[in-house]
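Trainee: Structure below; questions to follow.
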Amino acid sequence: MDSSVISLWTKVPEYGDRIIIASSLKDALVLGCQLHIPAIAPQGEGYSISTTAANELKRRYKKVFISYDVDAPGLADSQKLAEQTGFIRIVPDLKGEKDYSDYYKSLKDKKQFKQLEKLFH
C-alpha cells in the first residue's frame, strides 16, 4: 500500500459523532472493538493525510480525534497532524505502554480499557 491508503476507511460509518485517527491498524482495531468508536489509521505515524481526506472527515464527523503512540515520534507526529488539520489531539496515560494495543494486552482486567472512552468526548 502507498502512503495515500488509510486503513479501515471503508469500514467506518459514513457519518457520526466522532472518529479516532490512530497510529496503526492494530491500535485502530482495538479502539474500535473495545471502545466502540470508529477508528482509522494512516500507513504510519510519519504520514500525513491528504487535504481531501481531512475535509471529508470534517464533513462526516462532528469530532475528529488524533491519538498516536505516546513515544517521542508519536507525540511529535500527532502534534503536527493536529496543527495541519485542526483535529483534536489526545495523549492518553497508558501506564508506561507505548500504544493502545500494548496497553490492552498488558491489562489483567480488560474492562479497565473502557475507561479511556471518556477521553473522546
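So you can find residues: chains in the C-alpha cells are A, B, ... in the order shown, residues in each start at 1, and ligands are numbered from 1 in order.
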Using only C-alpha atoms, which protein or nucleic acid residues come within 12 Å of A:Asp71? Drop anything in the same chain fewer than 2 positions from it, and give the result as a list in words.

Mentor: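 Everything that qualifies: Ser23, Glu45, Ser67, Tyr68, Asp69, Pro73, Gly74, Leu75, Ala76, Asp77, Ser78, Val91, Pro92, Asp93, Leu94, Gly96, Glu97, Lys98, Asp99 and Tyr100 of chain A.
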
Trainee: Quick one: contact table of stretch 5-74 of chain A to stretch 107-113 of chain A, 10 Å max, nearest atom pair and distance in Å to one decimal per residue, counting only C-alpha atoms, chain and number order, as CSV?

Mentor:
residue,atom,partner,partner_atom,distance
A:Val30,CA,A:Phe113,CA,9.7
A:Leu31,CA,A:Phe113,CA,9.2
A:Gln34,CA,A:Phe113,CA,7.4
A:Leu35,CA,A:Phe113,CA,8.0

Trainee: Only all heavy atoms, please: the residues just picked out, written as a short mmCIF file (atom, residue, chain, number, x, y, z; two decimals), in the first residue's frame.

Mentor:
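Below is the file part_37.cif, written as the result:
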data_model
loop_
_atom_site.label_atom_id
_atom_site.label_comp_id
_atom_site.auth_asym_id
_atom_site.auth_seq_id
_atom_site.Cartn_x
_atom_site.Cartn_y
_atom_site.Cartn_z
N VAL A 30 -8.20 -2.10 18.05
CA VAL A 30 -8.50 -2.24 19.47
C VAL A 30 -9.38 -1.10 19.96
O VAL A 30 -10.29 -1.31 20.76
CB VAL A 30 -7.22 -2.42 20.33
CG1 VAL A 30 -6.48 -1.13 20.55
CG2 VAL A 30 -7.54 -3.07 21.67
N LEU A 31 -9.16 0.11 19.48
CA LEU A 31 -10.02 1.24 19.85
C LEU A 31 -11.45 1.02 19.36
O LEU A 31 -12.41 1.19 20.11
CB LEU A 31 -9.47 2.55 19.28
CG LEU A 31 -8.22 3.09 19.96
CD1 LEU A 31 -7.55 4.14 19.09
CD2 LEU A 31 -8.56 3.64 21.34
N GLN A 34 -13.02 -2.21 21.26
CA GLN A 34 -13.18 -2.12 22.72
C GLN A 34 -13.95 -0.89 23.17
O GLN A 34 -14.66 -0.93 24.17
CB GLN A 34 -11.82 -2.17 23.41
CG GLN A 34 -11.08 -3.47 23.18
CD GLN A 34 -11.88 -4.69 23.61
OE1 GLN A 34 -12.49 -4.70 24.67
NE2 GLN A 34 -11.90 -5.71 22.77
N LEU A 35 -13.78 0.23 22.46
CA LEU A 35 -14.46 1.46 22.86
C LEU A 35 -15.69 1.75 22.01
O LEU A 35 -16.46 2.67 22.31
CB LEU A 35 -13.50 2.66 22.80
CG LEU A 35 -12.26 2.58 23.67
CD1 LEU A 35 -11.46 3.87 23.56
CD2 LEU A 35 -12.59 2.27 25.12
#

Trainee: From the options A:Glu83, A:Ala72, A:Ser4, A:Ile19, which residue's atoms come nearest to A:Thr52, counting only C-alpha atoms?

Mentor: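 Nearest to A:Thr52: A:Ser4.
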
Trainee: Assign secondary structure with DSSP using the backbone only, and return the residues of stretch 69-103 of chain A in alpha helix (DSSP H) as number ranges by chain.

Mentor: A: 72-85, 100-103

Trainee: Keeping only all heavy atoms, write those residues as a compact mmCIF listing (two decimals), in the first residue's frame.

Mentor:
# COMPACT_ATOMS: atom_id res chain seq x y z
N ALA A 72 8.17 9.49 21.68
CA ALA A 72 8.57 10.78 21.10
C ALA A 72 8.09 10.95 19.65
O ALA A 72 7.51 11.99 19.32
CB ALA A 72 10.08 10.98 21.22
N PRO A 73 8.30 9.97 18.76
CA PRO A 73 7.83 10.17 17.38
C PRO A 73 6.30 10.31 17.30
O PRO A 73 5.79 11.14 16.56
CB PRO A 73 8.29 8.90 16.65
CG PRO A 73 9.41 8.36 17.46
CD PRO A 73 9.10 8.73 18.88
N GLY A 74 5.58 9.51 18.06
CA GLY A 74 4.13 9.58 18.04
C GLY A 74 3.61 10.91 18.54
O GLY A 74 2.67 11.48 17.97
N LEU A 75 4.21 11.42 19.60
CA LEU A 75 3.79 12.71 20.14
C LEU A 75 4.06 13.84 19.15
O LEU A 75 3.21 14.70 18.93
CB LEU A 75 4.49 12.98 21.47
CG LEU A 75 4.10 12.03 22.61
CD1 LEU A 75 5.00 12.26 23.82
CD2 LEU A 75 2.64 12.17 22.98
N ALA A 76 5.22 13.81 18.53
CA ALA A 76 5.57 14.85 17.55
C ALA A 76 4.67 14.78 16.33
O ALA A 76 4.17 15.81 15.85
CB ALA A 76 7.04 14.71 17.14
N ASP A 77 4.44 13.57 15.82
CA ASP A 77 3.63 13.42 14.61
C ASP A 77 2.16 13.76 14.87
O ASP A 77 1.50 14.34 14.01
CB ASP A 77 3.77 12.01 14.04
CG ASP A 77 5.15 11.75 13.47
OD1 ASP A 77 5.82 12.73 13.07
OD2 ASP A 77 5.56 10.58 13.41
N SER A 78 1.64 13.42 16.05
CA SER A 78 0.25 13.76 16.34
C SER A 78 0.08 15.27 16.49
O SER A 78 -0.93 15.84 16.07
CB SER A 78 -0.26 13.02 17.58
OG SER A 78 0.41 13.44 18.75
N GLN A 79 1.08 15.93 17.06
CA GLN A 79 1.02 17.39 17.19
C GLN A 79 1.04 18.05 15.81
O GLN A 79 0.26 18.95 15.53
CB GLN A 79 2.20 17.89 18.04
CG GLN A 79 2.21 19.40 18.23
CD GLN A 79 1.03 19.90 19.03
OE1 GLN A 79 0.60 19.25 19.98
NE2 GLN A 79 0.49 21.03 18.66
N LYS A 80 1.89 17.55 14.95
CA LYS A 80 2.00 18.09 13.59
C LYS A 80 0.68 17.92 12.83
O LYS A 80 0.19 18.86 12.20
CB LYS A 80 3.14 17.39 12.84
CG LYS A 80 3.35 17.88 11.43
CD LYS A 80 4.52 17.13 10.79
CE LYS A 80 4.66 17.48 9.33
NZ LYS A 80 5.72 16.70 8.68
N LEU A 81 0.08 16.73 12.92
CA LEU A 81 -1.17 16.49 12.21
C LEU A 81 -2.30 17.33 12.80
O LEU A 81 -3.13 17.86 12.05
CB LEU A 81 -1.54 15.00 12.26
CG LEU A 81 -2.76 14.59 11.46
CD1 LEU A 81 -2.63 14.97 9.98
CD2 LEU A 81 -3.02 13.09 11.61
N ALA A 82 -2.32 17.51 14.11
CA ALA A 82 -3.34 18.36 14.74
C ALA A 82 -3.22 19.80 14.26
O ALA A 82 -4.23 20.46 13.97
CB ALA A 82 -3.23 18.28 16.26
N GLU A 83 -2.00 20.29 14.15
CA GLU A 83 -1.79 21.66 13.68
C GLU A 83 -2.21 21.82 12.22
O GLU A 83 -2.76 22.84 11.83
CB GLU A 83 -0.32 22.06 13.87
CG GLU A 83 0.06 22.25 15.33
CD GLU A 83 1.55 22.41 15.55
OE1 GLU A 83 2.34 22.38 14.57
OE2 GLU A 83 1.94 22.55 16.73
N GLN A 84 -1.95 20.79 11.40
CA GLN A 84 -2.31 20.85 9.98
C GLN A 84 -3.81 20.79 9.74
O GLN A 84 -4.32 21.39 8.81
CB GLN A 84 -1.65 19.69 9.22
CG GLN A 84 -0.17 19.80 9.07
CD GLN A 84 0.45 18.55 8.48
OE1 GLN A 84 -0.18 17.49 8.40
NE2 GLN A 84 1.70 18.64 8.06
N THR A 85 -4.51 20.05 10.59
CA THR A 85 -5.92 19.75 10.32
C THR A 85 -6.91 20.45 11.26
O THR A 85 -8.08 20.57 10.92
CB THR A 85 -6.17 18.24 10.44
OG1 THR A 85 -5.87 17.83 11.78
CG2 THR A 85 -5.35 17.45 9.44
N TYR A 100 -1.98 1.77 22.23
CA TYR A 100 -3.22 1.20 22.74
C TYR A 100 -3.22 -0.33 22.74
O TYR A 100 -3.71 -0.94 23.69
CB TYR A 100 -4.41 1.70 21.90
CG TYR A 100 -4.74 3.14 22.16
CD1 TYR A 100 -4.37 4.14 21.26
CD2 TYR A 100 -5.43 3.51 23.31
CE1 TYR A 100 -4.69 5.46 21.51
CE2 TYR A 100 -5.75 4.84 23.56
CZ TYR A 100 -5.36 5.81 22.65
OH TYR A 100 -5.67 7.12 22.90
N SER A 101 -2.70 -0.95 21.71
CA SER A 101 -2.73 -2.41 21.66
C SER A 101 -1.83 -3.02 22.73
O SER A 101 -2.19 -4.02 23.36
CB SER A 101 -2.37 -2.92 20.26
OG SER A 101 -1.09 -2.50 19.89
N ASP A 102 -0.66 -2.42 22.97
CA ASP A 102 0.21 -2.92 24.04
C ASP A 102 -0.44 -2.71 25.40
O ASP A 102 -0.34 -3.57 26.28
CB ASP A 102 1.57 -2.20 24.01
CG ASP A 102 2.42 -2.60 22.81
OD1 ASP A 102 2.08 -3.59 22.13
OD2 ASP A 102 3.42 -1.91 22.56
N TYR A 103 -1.09 -1.58 25.58
CA TYR A 103 -1.78 -1.30 26.84
C TYR A 103 -2.89 -2.33 27.08
O TYR A 103 -3.00 -2.90 28.16
CB TYR A 103 -2.33 0.12 26.83
CG TYR A 103 -3.13 0.48 28.06
CD1 TYR A 103 -2.55 0.47 29.33
CD2 TYR A 103 -4.47 0.82 27.96
CE1 TYR A 103 -3.28 0.79 30.46
CE2 TYR A 103 -5.21 1.16 29.08
CZ TYR A 103 -4.61 1.14 30.33
OH TYR A 103 -5.34 1.45 31.45

Trainee: Between A:Ile37, A:Ile6, A:Leu25, A:Ile49, which residue has the minimum interatomic distance to A:His121, considering only C-alpha atoms?

Mentor: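 Of all the options, A:Ile37 lies closest to A:His121.
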
Trainee: Can you work out which one of A:Lys26, A:Arg60, A:Gln43, A:Ile20 has the shortest atom-to-atom distance to A:Lys105, counting only C-alpha atoms?

Mentor: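 Under the stated criterion, the closest residue is A:Lys26.
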
Trainee: Atom CA of A:Ile66 and atom CA of A:Ser106 are how many Å apart?

Mentor: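 Computing it gives 22.4 Å between the two atoms.
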
Trainee: Name all residues at most 10 Å from A:Ser3 (count only C-alpha atoms; drop same-chain ones fewer than 6 positions away) and give them as a PyMOL selection string.

Mentor: chain A and resi 42-44+46-50

Trainee: Here is a test: counting only C-alpha atoms, which residue of A:Leu29, A:Ser24, A:Asp17, A:Tyr104 is nearest to A:Val64?

Mentor: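 The shortest atom-to-atom distance to A:Val64 comes from A:Asp17.
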
Trainee: Residues of stretch 31-79 of chain A classed as strand (DSSP E or B) by DSSP on the backbone are to be reported as a VMD selection string.

Mentor: chain A and resid 39 to 41 61 to 67

Trainee: For the residues in the current selection, export N, CA, C and O atoms as a PDB file, in the first residue's frame.

Mentor:
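Written file, result.pdb:
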ATOM      1  N   ALA A  39     -12.505   4.008  14.160  1.00  0.00           N
ATOM      2  CA  ALA A  39     -11.109   4.438  14.120  1.00  0.00           C
ATOM      3  C   ALA A  39     -10.489   4.054  12.778  1.00  0.00           C
ATOM      4  O   ALA A  39     -10.836   3.028  12.197  1.00  0.00           O
ATOM      5  N   ILE A  40      -9.581   4.895  12.327  1.00  0.00           N
ATOM      6  CA  ILE A  40      -8.842   4.688  11.087  1.00  0.00           C
ATOM      7  C   ILE A  40      -7.360   4.900  11.385  1.00  0.00           C
ATOM      8  O   ILE A  40      -7.004   5.391  12.456  1.00  0.00           O
ATOM      9  N   ALA A  41      -6.512   4.560  10.429  1.00  0.00           N
ATOM     10  CA  ALA A  41      -5.074   4.756  10.628  1.00  0.00           C
ATOM     11  C   ALA A  41      -4.380   4.986   9.294  1.00  0.00           C
ATOM     12  O   ALA A  41      -4.623   4.247   8.341  1.00  0.00           O
ATOM     13  N   TYR A  61     -17.929  13.778  10.291  1.00  0.00           N
ATOM     14  CA  TYR A  61     -17.925  13.564  11.748  1.00  0.00           C
ATOM     15  C   TYR A  61     -17.933  14.885  12.492  1.00  0.00           C
ATOM     16  O   TYR A  61     -17.285  15.848  12.097  1.00  0.00           O
ATOM     17  N   LYS A  62     -18.639  14.910  13.613  1.00  0.00           N
ATOM     18  CA  LYS A  62     -18.713  16.123  14.432  1.00  0.00           C
ATOM     19  C   LYS A  62     -17.374  16.403  15.105  1.00  0.00           C
ATOM     20  O   LYS A  62     -16.967  17.557  15.229  1.00  0.00           O
ATOM     21  N   LYS A  63     -16.687  15.350  15.557  1.00  0.00           N
ATOM     22  CA  LYS A  63     -15.373  15.499  16.189  1.00  0.00           C
ATOM     23  C   LYS A  63     -14.413  14.468  15.621  1.00  0.00           C
ATOM     24  O   LYS A  63     -14.753  13.286  15.500  1.00  0.00           O
ATOM     25  N   VAL A  64     -13.219  14.932  15.280  1.00  0.00           N
ATOM     26  CA  VAL A  64     -12.167  14.042  14.787  1.00  0.00           C
ATOM     27  C   VAL A  64     -11.014  14.135  15.773  1.00  0.00           C
ATOM     28  O   VAL A  64     -10.469  15.215  16.018  1.00  0.00           O
ATOM     29  N   PHE A  65     -10.642  12.989  16.341  1.00  0.00           N
ATOM     30  CA  PHE A  65      -9.564  12.915  17.316  1.00  0.00           C
ATOM     31  C   PHE A  65      -8.334  12.275  16.692  1.00  0.00           C
ATOM     32  O   PHE A  65      -8.456  11.376  15.858  1.00  0.00           O
ATOM     33  N   ILE A  66      -7.164  12.734  17.117  1.00  0.00           N
ATOM     34  CA  ILE A  66      -5.894  12.111  16.749  1.00  0.00           C
ATOM     35  C   ILE A  66      -5.293  11.588  18.040  1.00  0.00           C
ATOM     36  O   ILE A  66      -5.153  12.332  19.015  1.00  0.00           O
ATOM     37  N   SER A  67      -4.937  10.310  18.052  1.00  0.00           N
ATOM     38  CA  SER A  67      -4.300   9.744  19.236  1.00  0.00           C
ATOM     39  C   SER A  67      -3.293   8.695  18.788  1.00  0.00           C
ATOM     40  O   SER A  67      -3.643   7.561  18.473  1.00  0.00           O
TER      41      SER A  67
END

Trainee: Compare A:Asp27, A:Phe120, A:Gly86, A:Ala22 by their minimum atom-to-atom distance to A:Thr51, counting only C-alpha atoms, and give me the closest one.

Mentor: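 For A:Thr51, the nearest of the candidates is A:Gly86.
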
Trainee: Measure the distance from atom CA of A:Pro38 to atom CA of A:Pro13 in Å and round it to one decimal.

Mentor: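 We find that atom CA of A:Pro38 and atom CA of A:Pro13 lie 7.3 Å from each other.
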
Trainee: Which value, in Å to one decimal, gives the distance between atom CA of A:Glu117 and atom CA of A:Val5?

Mentor: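 Answer for the atom CA of A:Glu117 to atom CA of A:Val5 separation: 26.3 Å.
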
Trainee: With only C-alpha atoms as the basis for distance, which of A:Cys33, A:Ile88, A:Val12, A:Ala53 is at the shortest distance from A:Lys114?

Mentor: A:Cys33
